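Visitor: As input, take work-v8.cif (mmCIF, C-alpha atoms and all ligand atoms):
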```
data_upload
loop_
_atom_site.label_atom_id
_atom_site.label_comp_id
_atom_site.auth_asym_id
_atom_site.auth_seq_id
_atom_site.Cartn_x
_atom_site.Cartn_y
_atom_site.Cartn_z
CA TRP A 1 20.02 -12.35 13.62
CA LEU A 2 23.07 -10.54 12.23
CA VAL A 3 22.00 -11.03 8.62
CA GLY A 4 18.57 -9.66 9.48
CA ALA A 5 20.07 -6.73 11.34
CA ILE A 6 22.24 -5.88 8.34
CA ALA A 7 19.22 -6.14 6.05
CA VAL A 8 17.27 -3.83 8.33
CA ALA A 9 20.18 -1.39 8.50
CA ALA A 10 20.31 -1.41 4.70
CA THR A 11 16.64 -0.54 4.46
CA LEU A 12 17.25 2.31 6.91
CA ALA A 13 20.16 3.81 4.95
CA PRO A 14 19.23 7.00 3.10
CA GLN A 15 18.71 6.22 -0.56
CA ILE A 16 16.40 8.87 -1.88
CA THR A 17 15.78 8.53 -5.56
CA HIS A 18 14.39 11.52 -7.36
CA ALA A 19 13.17 11.93 -10.87
CA ALA A 20 14.87 14.76 -12.69
CA CYS A 21 12.07 17.31 -12.73
CA ASP A 22 12.18 19.68 -15.67
CA PRO A 23 11.35 23.36 -15.55
CA GLY A 24 7.69 23.87 -16.41
CA GLU A 25 6.58 20.57 -14.92
CA GLU A 26 4.20 20.71 -11.94
CA LEU A 27 6.38 19.60 -9.01
CA ILE A 28 4.66 17.19 -6.62
CA ARG A 29 6.68 16.47 -3.49
CA PHE A 30 5.38 13.39 -1.63
CA SER A 31 6.61 13.16 1.95
CA HIS A 32 6.25 10.06 4.10
CA VAL A 33 7.84 8.45 7.12
CA THR A 34 8.21 4.73 6.39
CA ALA A 35 10.58 2.53 4.41
CA GLU A 36 10.39 2.63 0.61
CA SER A 37 10.37 -1.06 -0.09
CA GLY A 38 8.73 -4.01 1.62
CA HIS A 39 6.21 -1.57 3.02
CA PRO A 40 2.66 -0.90 1.75
CA LYS A 41 2.94 2.90 1.88
CA GLY A 42 6.49 3.06 0.56
CA GLU A 43 5.64 0.79 -2.37
CA ALA A 44 2.45 2.70 -3.19
CA ALA A 45 4.28 6.04 -3.16
CA THR A 46 6.97 4.66 -5.45
CA LEU A 47 4.41 3.27 -7.91
CA LEU A 48 2.53 6.57 -7.87
CA ALA A 49 5.73 8.47 -8.67
CA ASN A 50 6.71 6.02 -11.43
CA ARG A 51 3.34 6.36 -13.11
CA ILE A 52 3.20 10.14 -12.85
CA ASN A 53 6.77 10.53 -14.08
CA THR A 54 6.11 8.28 -17.07
CA GLU A 55 2.55 9.11 -18.04
CA LEU A 56 2.57 12.81 -17.23
CA ASP A 57 6.16 13.46 -18.31
CA GLY A 58 6.55 17.07 -19.40
CA ARG A 59 3.53 18.17 -17.39
CA ALA A 60 4.06 16.87 -13.85
CA CYS A 61 6.83 15.31 -11.83
CA MET A 62 6.73 13.56 -8.44
CA GLU A 63 9.61 13.40 -5.96
CA VAL A 64 9.16 10.92 -3.09
CA TYR A 65 10.83 11.65 0.26
CA PRO A 66 10.62 8.49 2.43
CA ARG A 67 11.71 7.90 6.06
CA SER A 68 10.87 11.38 7.33
CA SER A 69 13.63 12.80 5.12
CA LEU A 70 11.55 15.90 4.32
CA PHE A 71 8.99 16.14 7.15
CA ASN A 72 7.80 14.20 10.17
CA ASP A 73 4.11 13.34 10.42
CA ASP A 74 3.71 15.99 13.10
CA ASP A 75 4.83 18.83 10.84
CA VAL A 76 3.89 17.66 7.33
CA LEU A 77 0.33 19.02 7.36
CA ASP A 78 1.40 22.52 8.39
CA ALA A 79 4.10 22.33 5.72
CA MET A 80 1.45 21.35 3.18
CA LEU A 81 -0.68 24.36 4.05
CA ARG A 82 2.43 26.56 3.63
CA GLY A 83 3.05 25.07 0.20
CA ASP A 84 6.30 23.30 1.15
CA VAL A 85 5.04 19.83 0.17
CA GLU A 86 2.17 18.75 -2.06
CA MET A 87 1.21 15.24 -0.90
CA ALA A 88 1.59 12.93 2.07
CA ALA A 89 -0.10 9.89 3.56
CA PRO A 90 -0.02 10.13 7.36
CA SER A 91 -1.78 7.44 9.33
CA LEU A 92 -5.37 8.22 10.32
CA SER A 93 -4.24 8.55 13.95
CA LYS A 94 -2.29 11.70 13.11
CA PHE A 95 -5.04 14.12 12.12
CA GLU A 96 -6.44 15.07 15.52
CA ALA A 97 -5.19 18.63 15.34
CA TYR A 98 -7.33 19.03 12.19
CA THR A 99 -10.31 16.72 12.62
CA LEU A 100 -11.72 14.17 15.05
CA ALA A 101 -13.49 12.35 12.19
CA PHE A 102 -10.88 9.60 12.07
CA ARG A 103 -11.09 8.64 15.75
CA ILE A 104 -13.34 5.74 14.84
CA PHE A 105 -10.40 3.99 13.17
CA ASP A 106 -8.58 3.83 16.51
CA LEU A 107 -11.35 2.08 18.45
CA PRO A 108 -9.79 -1.20 19.65
CA PHE A 109 -11.11 -4.47 18.20
CA LEU A 110 -13.60 -2.66 15.95
CA PHE A 111 -12.40 -3.97 12.58
CA GLU A 112 -11.81 -7.68 11.99
CA ASP A 113 -9.26 -7.06 9.26
CA ILE A 114 -8.20 -4.56 6.63
CA LEU A 115 -10.89 -5.72 4.18
CA ALA A 116 -13.54 -4.62 6.66
CA VAL A 117 -11.76 -1.26 6.88
CA GLU A 118 -11.85 -1.01 3.09
CA GLU A 119 -15.56 -1.78 2.94
CA PHE A 120 -16.33 0.88 5.56
CA GLN A 121 -14.17 3.45 3.75
CA ALA A 122 -16.01 2.75 0.50
CA SER A 123 -19.39 3.45 2.16
CA PRO A 124 -20.97 6.93 1.91
CA GLN A 125 -19.85 7.68 5.49
CA GLY A 126 -16.30 6.64 4.66
CA GLN A 127 -16.15 8.65 1.43
CA GLU A 128 -17.46 11.72 3.27
CA MET A 129 -14.40 11.53 5.50
CA LEU A 130 -12.20 12.47 2.57
CA LEU A 131 -13.72 15.95 2.90
CA ALA A 132 -13.55 16.15 6.71
CA MET A 133 -10.84 18.83 6.64
CA SER A 134 -11.95 20.81 3.61
CA ASP A 135 -12.73 23.89 5.71
CA GLN A 136 -9.10 23.82 6.83
CA GLY A 137 -7.62 23.52 3.38
CA LEU A 138 -6.81 19.81 3.35
CA LEU A 139 -8.33 17.30 0.96
CA GLY A 140 -8.28 13.51 1.17
CA LEU A 141 -7.60 11.80 -2.17
CA GLY A 142 -7.95 8.20 -0.99
CA PHE A 143 -7.19 5.69 1.73
CA TRP A 144 -4.08 3.50 1.62
CA HIS A 145 -3.83 0.39 3.76
CA ASN A 146 -1.11 -0.93 5.99
CA GLY A 147 -2.46 -3.57 8.37
CA MET A 148 -3.41 -4.72 11.83
CA LYS A 149 -1.47 -3.52 14.86
CA GLN A 150 0.52 -5.69 17.27
CA ILE A 151 2.04 -4.75 20.59
CA SER A 152 5.73 -5.07 21.35
CA ALA A 153 7.42 -4.53 24.72
CA ASN A 154 10.73 -5.01 26.51
CA VAL A 155 9.08 -7.54 28.82
CA PRO A 156 7.09 -10.68 27.95
CA LEU A 157 3.56 -9.47 27.29
CA GLU A 158 0.85 -12.09 27.29
CA ARG A 159 -2.01 -10.68 29.28
CA PRO A 160 -3.11 -7.05 29.58
CA SER A 161 -1.92 -6.97 33.21
CA ASP A 162 1.66 -7.55 31.96
CA ALA A 163 1.55 -4.04 30.46
CA GLU A 164 0.88 -2.31 33.76
CA GLY A 165 3.36 0.46 34.50
CA LEU A 166 5.10 0.31 31.11
CA MET A 167 5.76 3.48 29.09
CA PHE A 168 4.35 3.18 25.56
CA ARG A 169 5.23 5.24 22.52
CA ILE A 170 1.98 6.16 20.80
CA GLN A 171 0.78 8.15 17.83
CA PRO A 172 -0.91 11.44 18.79
CA SER A 173 -4.45 10.06 19.19
CA ALA A 174 -6.66 10.43 22.25
CA VAL A 175 -8.28 7.06 21.58
CA ILE A 176 -4.90 5.34 21.59
CA ALA A 177 -3.85 7.23 24.73
CA ALA A 178 -7.04 5.96 26.40
CA GLN A 179 -6.18 2.38 25.41
CA ILE A 180 -2.83 2.60 27.11
CA ALA A 181 -4.36 4.21 30.19
CA ALA A 182 -6.89 1.35 30.31
CA LEU A 183 -3.94 -1.03 30.64
CA GLY A 184 -2.62 0.89 33.64
CA ALA A 185 0.34 1.98 31.54
CA GLU A 186 1.67 5.39 30.49
CA SER A 187 2.11 6.84 27.02
CA GLN A 188 4.19 9.40 25.17
CA ALA A 189 3.26 10.63 21.69
CA MET A 190 6.34 10.68 19.49
CA PRO A 191 7.12 10.91 15.76
CA PHE A 192 7.71 7.59 14.02
CA SER A 193 11.33 8.49 13.17
CA GLN A 194 12.25 8.56 16.89
CA VAL A 195 10.69 5.26 17.94
CA PHE A 196 13.63 2.90 17.34
CA ASP A 197 16.04 5.05 19.38
CA ALA A 198 13.48 5.55 22.13
CA LEU A 199 12.94 1.78 22.40
CA GLU A 200 16.65 1.03 22.25
CA SER A 201 17.60 3.59 24.90
CA GLY A 202 14.74 2.58 27.20
CA GLN A 203 13.08 6.00 26.99
CA VAL A 204 9.96 3.96 26.23
CA ASP A 205 9.33 0.28 26.94
CA ALA A 206 6.69 -0.60 24.40
CA GLN A 207 4.88 0.40 21.23
CA GLN A 208 2.14 -0.83 18.92
CA ASN A 209 2.50 -1.13 15.19
CA THR A 210 1.99 -3.25 12.09
CA TRP A 211 4.28 -6.07 10.97
CA SER A 212 5.71 -4.06 8.08
CA ASN A 213 6.63 -1.18 10.40
CA ILE A 214 7.98 -3.51 13.10
CA TYR A 215 10.18 -5.28 10.55
CA THR A 216 11.40 -2.40 8.40
CA GLN A 217 12.19 -0.22 11.44
CA GLY A 218 13.83 -3.12 13.29
CA PHE A 219 11.70 -2.62 16.44
CA TYR A 220 11.79 -6.37 17.09
CA LEU A 221 15.57 -6.16 17.53
CA VAL A 222 15.21 -3.99 20.63
CA GLN A 223 12.10 -5.57 22.20
CA ASP A 224 11.53 -8.78 24.15
CA GLY A 225 8.82 -9.84 21.72
CA ILE A 226 5.69 -8.98 19.82
CA THR A 227 2.23 -9.94 21.04
CA GLU A 228 -0.09 -10.67 18.13
CA THR A 229 -3.14 -8.78 19.36
CA ASN A 230 -4.48 -7.55 15.99
CA HIS A 231 -6.35 -5.04 18.15
CA GLY A 232 -6.27 -2.07 15.83
CA ILE A 233 -5.30 -0.85 12.40
CA ILE A 234 -2.90 1.48 10.69
CA ASP A 235 -4.40 2.99 7.60
CA TYR A 236 -3.46 6.16 5.72
CA LEU A 237 -5.11 9.19 4.19
CA VAL A 238 -3.49 10.36 0.97
CA VAL A 239 -3.81 14.08 1.56
CA THR A 240 -3.14 17.27 -0.36
CA SER A 241 -3.75 21.00 -0.05
CA SER A 242 -7.18 21.94 -1.42
CA ASP A 243 -5.78 25.22 -2.81
CA TRP A 244 -2.95 23.50 -4.63
CA TRP A 245 -5.27 20.79 -5.98
CA GLN A 246 -7.89 23.27 -7.18
CA GLY A 247 -5.17 25.41 -8.74
CA LEU A 248 -4.11 22.60 -11.09
CA ASP A 249 -5.09 22.65 -14.71
CA ASP A 250 -8.41 20.73 -15.04
CA GLY A 251 -7.03 18.10 -17.40
CA LEU A 252 -3.97 17.43 -15.27
CA ARG A 253 -6.08 17.19 -12.10
CA ALA A 254 -8.38 14.63 -13.73
CA GLU A 255 -5.45 12.51 -14.92
CA LEU A 256 -3.77 12.67 -11.52
CA GLU A 257 -7.02 11.67 -9.85
CA GLN A 258 -7.33 8.64 -12.11
CA ILE A 259 -3.72 7.55 -11.52
CA ILE A 260 -4.15 7.89 -7.74
CA LEU A 261 -7.35 5.83 -7.92
CA GLU A 262 -5.65 3.06 -9.90
CA VAL A 263 -2.52 2.99 -7.71
CA THR A 264 -4.71 2.90 -4.59
CA HIS A 265 -6.69 -0.02 -5.95
CA GLU A 266 -3.61 -1.90 -7.12
CA ARG A 267 -1.42 -1.47 -4.06
CA ASN A 268 -4.13 -1.89 -1.40
CA ARG A 269 -4.58 -5.46 -2.61
CA PHE A 270 -1.00 -6.24 -1.56
CA ALA A 271 -0.96 -4.63 1.88
CA PHE A 272 -1.93 -7.86 3.63
CA GLU A 273 0.71 -9.95 1.82
CA LEU A 274 3.45 -7.43 2.62
CA GLY A 275 2.43 -7.57 6.28
CA GLU A 276 2.57 -11.38 6.29
CA LEU A 277 5.98 -11.32 4.63
CA ALA A 278 7.27 -8.89 7.25
CA ARG A 279 5.86 -11.09 10.02
CA MET A 280 7.65 -14.11 8.56
CA ARG A 281 10.92 -12.18 8.36
CA VAL A 282 10.65 -11.05 11.97
CA ARG A 283 10.24 -14.69 12.99
CA GLN A 284 13.03 -15.94 10.74
CA ASP A 285 15.30 -13.32 12.25
CA GLY A 286 14.68 -14.58 15.77
CA GLY A 287 11.91 -12.18 16.77
CA VAL A 288 9.61 -13.64 19.42
CA ILE A 289 5.95 -13.68 18.37
CA ARG A 290 3.36 -14.40 21.05
CA ARG A 291 -0.02 -15.52 19.72
CA LEU A 292 -3.15 -15.12 21.80
CA ASP A 293 -5.40 -18.04 22.55
CA ASP A 294 -9.14 -17.31 22.77
CA ALA A 295 -9.10 -16.75 26.52
CA ALA A 296 -6.19 -14.31 26.34
CA ARG A 297 -7.81 -12.47 23.44
CA GLU A 298 -10.97 -12.05 25.49
CA GLU A 299 -8.88 -10.52 28.26
CA TRP A 300 -7.46 -7.93 25.85
CA VAL A 301 -10.93 -7.16 24.49
CA ALA A 302 -12.22 -6.67 28.05
CA ALA A 303 -9.23 -4.53 29.05
CA PHE A 304 -9.89 -2.13 26.15
CA ALA A 305 -13.69 -2.06 26.58
CA PRO A 306 -13.68 1.16 28.70
CA VAL A 307 -12.26 3.00 25.67
CA TRP A 308 -15.50 2.32 23.79
CA ASP A 309 -17.55 3.77 26.66
CA GLN A 310 -15.33 6.83 26.72
CA PHE A 311 -15.65 7.63 23.01
CA ARG A 312 -18.96 6.06 21.90
CA ASP A 313 -21.10 9.21 22.18
CA GLU A 314 -18.58 11.49 20.60
CA ILE A 315 -17.84 9.16 17.66
CA GLY A 316 -21.53 8.30 17.28
CA SER A 317 -23.28 4.96 17.73
CA ASP A 318 -24.60 5.00 14.15
CA LEU A 319 -21.14 5.41 12.68
CA ILE A 320 -19.80 2.66 14.92
CA ALA A 321 -22.67 0.38 13.87
CA ALA A 322 -21.87 1.08 10.20
CA ALA A 323 -18.22 0.18 10.81
CA GLN A 324 -19.20 -2.99 12.66
CA ALA A 325 -21.44 -4.02 9.78
CA ALA A 326 -18.47 -3.93 7.38
CA GLU A 327 -17.19 -7.47 7.03
CA GLY A 328 -14.82 -7.11 4.12
C1 LIG A 401 3.44 5.38 13.28
O1 LIG A 401 3.72 6.56 13.54
O2 LIG A 401 3.63 4.44 14.06
C2 LIG A 401 2.86 5.06 11.92
O3 LIG A 401 1.86 5.97 11.65
C3 LIG A 401 3.91 5.17 10.88
C4 LIG A 401 3.34 4.92 9.51
O4 LIG A 401 3.24 5.86 8.74
O5 LIG A 401 3.00 3.77 9.23
#
```
In structure tokens, what does this structure look like?

Guide:
Amino acid sequence: WLVGAIAVAATLAPQITHAACDPGEELIRFSHVTAESGHPKGEAATLLANRINTELDGRACMEVYPRSSLFNDDDVLDAMLRGDVEMAAPSLSKFEAYTLAFRIFDLPFLFEDILAVEEFQASPQGQEMLLAMSDQGLLGLGFWHNGMKQISANVPLERPSDAEGLMFRIQPSAVIAAQIAALGAESQAMPFSQVFDALESGQVDAQQNTWSNIYTQGFYLVQDGITETNHGIIDYLVVTSSDWWQGLDDGLRAELEQIILEVTHERNRFAFELGELARMRVRQDGGVIRRLDDAAREEWVAAFAPVWDQFRDEIGSDLIAAAQAAEG
């Protein structure tokens, strides 16, 4: 326990490493909210910076700001439109103020696994989503994966009825809020950086997240246990300002695009393994993991079914059918 807690504390300590950007280089500030290492997004951002700073040295330079050290997810997009940051990768549940196109990714029990998500994103409908915010000045450059979501709480949570009356921290997504309401529980949207303290102090009782977030943020240390529901996903949009992107020199833009494509391809392959590793570490460190048997899983599916009825028309049955057809 103690060793794990120290390891978690170490991963939480500020250790921002910046390349020395030279005058004349195009400065690319990449802001994100998670840990740098042992985390799919953190590792992808680091690889992206390493490649840009090596291959585009003299022309471009990337600084990565992890753990909300520059902006929270709830202010990073406004900051991007003001020109205070060039790139970020918020989860798809954090774009509602700009577009409702990503709501489909929050439908519970829609995707079997992250490979199915990848297949859907690679489809014409998925690729179109990269442009969903172009009229607002934001451009998607690719999707980065994290993993399937689990539910943790300060009480033993086995069946959906165990969640009744609990206060959940959620991301700012109406579909997720509806899930919690369907459980007879309450929810508060809150930036990722505040979740550990809110769980520890009892401001909230429960949350839902991926294994890599649960481990690197130490949520399991202040919760009774984690219920392995695999009911949803956390996936990211690598996003930039359209004006900034279009303002780049053509050659530089093309090279950046290629590097982002390659990093996306390379790191997305490891998202699942990093999640499994984090799960193993949570268990080794004494975290309680509750697996669902088939009957219990059916209860969770049934409990969340009203959310589908609530959002089916707005999201579109055709789009949902296309997502369901993706098998990975
Ligand atoms: C959350 O807020 O729970 C996640 O979106 C954090 C992240 O970026 O993985």

Visitor: Between A:Thr99, A:Asn154, A:Ser93, A:Gln203, which residue has the minimum interatomic distance to Ile170 of chain A, considering only C-alpha atoms?

Guide: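 Nearest candidate to Ile170 of chain A out of A:Thr99, A:Asn154, A:Ser93, A:Gln203: A:Ser93.
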
Visitor: Enumerate as a ChimeraX atom specification the residues within 9 Å of ligand LIG 401 (chain A), counting all atoms listed in the file.

Guide: /A:32-34,39-41,73,89-94,146,169-172,190-193,195,207-210,212-213,234-236

Visitor: In Å, how far is it from atom CA of Glu128 of chain A to atom CA of Phe143 of chain A?

Guide: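 For atom CA of Glu128 of chain A relative to atom CA of Phe143 of chain A, the distance reads 12.0 Å.
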
Visitor: Using all atoms listed in the file, which protein or nucleic acid residues come within 12 Å of Glu257 of chain A? Drop anything in the same chain fewer than 3 positions from it, and give the result as a PyMOL selection string.

Guide: chain A and resi 48+52+140-142+238+240+245-246+248+250-254+260-264

Visitor: Could the residues of segment 125-236 of chain A that have an atom at most 8 Å from segment 300-314 of chain A be listed as a Markdown table, each with its closest atom pair and the distance in Å to one decimal, counting all atoms listed in the file and ordered by chain and ascending residue number?

Guide:
```
| residue | atom | partner | partner_atom | distance |
| --- | --- | --- | --- | --- |
| A:Arg159 | CA | A:Trp300 | CA | 7.0 |
| A:Pro160 | CA | A:Trp300 | CA | 5.8 |
| A:Val175 | CA | A:Val307 | CA | 7.0 |
| A:Ala178 | CA | A:Val307 | CA | 6.0 |
| A:Gln179 | CA | A:Phe304 | CA | 5.9 |
| A:Ala182 | CA | A:Phe304 | CA | 6.2 |
| A:Leu183 | CA | A:Ala303 | CA | 6.5 |
| A:Thr229 | CA | A:Trp300 | CA | 7.8 |
```

Visitor: With distances taken over only C-alpha atoms, which of A:Ala322, A:Val282, A:Met62, A:Ala181 is nearest to Leu110 of chain A?

Guide: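 Distance minimum relative to Leu110 of chain A lands on A:Ala322.
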
Visitor: Under the rule that only C-alpha atoms are counted, which of A:Val288, A:Glu186, A:Gly147, A:Glu36 is the nearest residue to Glu112 of chain A?

Guide: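 Ranked by minimum distance to Glu112 of chain A, first place goes to A:Gly147.
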
Visitor: Restricting the calculation to only C-alpha atoms, which member of A:Glu255, A:Ala206, A:Glu86, A:Leu47 is positioned closest to Ser241 of chain A?

Guide: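 Of A:Glu255, A:Ala206, A:Glu86, A:Leu47, the one nearest Ser241 of chain A, counting only C-alpha atoms, is A:Glu86.
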